[in-house]
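A.B. asks: Sending over a structure as structure tokens; questions will come in a sec.
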Amino acid sequence: MDKKNKKNFKWYAVNVFTGYENKVSIIINQRADTANLSKYIKEIVIPTQNKTIITDGKKKQIKDKILPGYILIKMELNKDTWPIIRDTQGVTGFVGAGNNPTPLNEKEVDAILKFMQVETPAVQTYFNVGDAVVVTDGAFKDFNGKVNEVNEEKSKVKVLISIFGRETPVELDLMQIKLI
């Protein structure tokens, strides 16, 4: 590829149906391959970040979408590539004014790409103060209680458990409880 073509690659934000980001990305690549236009579409990025969440006492790694409903495409926009993107099922349009897609600022794209690499907090949980929970592991296994305090940074939770007729605060690991 010569230097002239390299300068024509710019990043564009494309609005897609939320939840269809991966599917749209695959379809765009397939359509570009079929039309022999892959050389004009350099990269497709679905901005995500790896996160660890705890639900029902189990840790799960998920890819959390940073910009739901958007994909970023580094491409040479021309009369042939425009319809490949615009007419793909699930695409609602390019970000820009009317029929004029606006290239993204390189600094914005760099910031998004760097943000994707940032470590997220160790754990995110869906427990809230006041939630009814059951202890699933440890000395208080099968005891019911109520969340009194959540410390996501330390992956700990204080649960009020009824012991000898009194509510007693017990500090547990987030992995040791699940919602009732």
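How things are named: the first chain in the structure tokens is A, the next is B, and so on; residues count from 1 in each chain; ligands count from 1 in the order shown.
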With DSSP run on the backbone, what are the strand (DSSP E) residues within range 28-156 of chain A? I'd like them as a PyMOL selection string.
C.D. replies: chain A and resi 41-45+48-55+58-65+70-75+91-94+96-97+100-101+124-125+132-135+144-151+156
A.B. asks: Which polymer residues have any atom within 6 Å of an atom of Val159 in chain A, counting only C-alpha atoms, with same-chain residues fewer than 3 positions away left out, as a PyMOL selection string?
C.D. replies: chain A and resi 145-148+169-170
A.B. asks: Please save C-alpha atoms of the selected residues as a CSV table (one decimal), in the first residue's frame.
C.D. replies:
```
chain,number,residue,atom,x,y,z
A,145,GLY,CA,-28.9,-12.2,56.5
A,146,LYS,CA,-29.1,-8.6,55.3
A,147,VAL,CA,-26.3,-6.7,53.6
A,148,ASN,CA,-25.2,-3.9,56.0
A,169,PRO,CA,-22.4,-8.0,61.8
A,170,VAL,CA,-20.2,-10.6,60.0
```
A.B. asks: Go through A:Leu37, A:Thr52, A:Pro103, A:Lys63 and flag the residue nearest Asp80 in chain A, using only C-alpha atoms for the distances.
C.D. replies: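 The closest residue to Asp80 in chain A is A:Leu37.
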A.B. asks: Please indicate the distance in Å from CA of Tyr12 in chain A to CA of Val95 in chain A, rounded to one decimal place.
C.D. replies: 7.2 Å
A.B. asks: Skip Asn50 in chain A itself and residues of its chain fewer than 5 positions away, then list as a PyMOL selection string all residues within 7 Å of it, counting only C-alpha atoms.
C.D. replies: chain A and resi 61-64
A.B. asks: If you run DSSP on this backbone, which residues of range 2-178 of chain A come out as alpha helix (DSSP H), and could you give them as number ranges by chain?
C.D. replies: A: 3-7, 21-34, 81-86, 106-117
A.B. asks: Considering only C-alpha atoms, can you say which of A:Leu72, A:Ile85, A:Ile177, A:Ile53 comes closest to Asn105 in chain A?
C.D. replies: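 When distances to Asn105 in chain A are compared using only C-alpha atoms, the smallest one comes from A:Leu72.
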A.B. asks: For Met116 in chain A, please output as a PyMOL selection string all residues within 10 Å (counting only C-alpha atoms; exclusion window: fewer than 5 positions along the same chain).
C.D. replies: chain A and resi 46-50+64-66+110-111
A.B. asks: Between CA of Asp173 in chain A and CA of Val157 in chain A, measure the distance and give it in Å to one decimal.
C.D. replies: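 Computed distance, CA of Asp173 in chain A to CA of Val157 in chain A, equals 6.2 Å.
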A.B. asks: Contacts of Asn36 in chain A at 12 Å or less, counting only C-alpha atoms, minus same-chain residues fewer than 6 places along, as an NGL selection string?
C.D. replies: :A and (29-30 or 80-81 or 84)
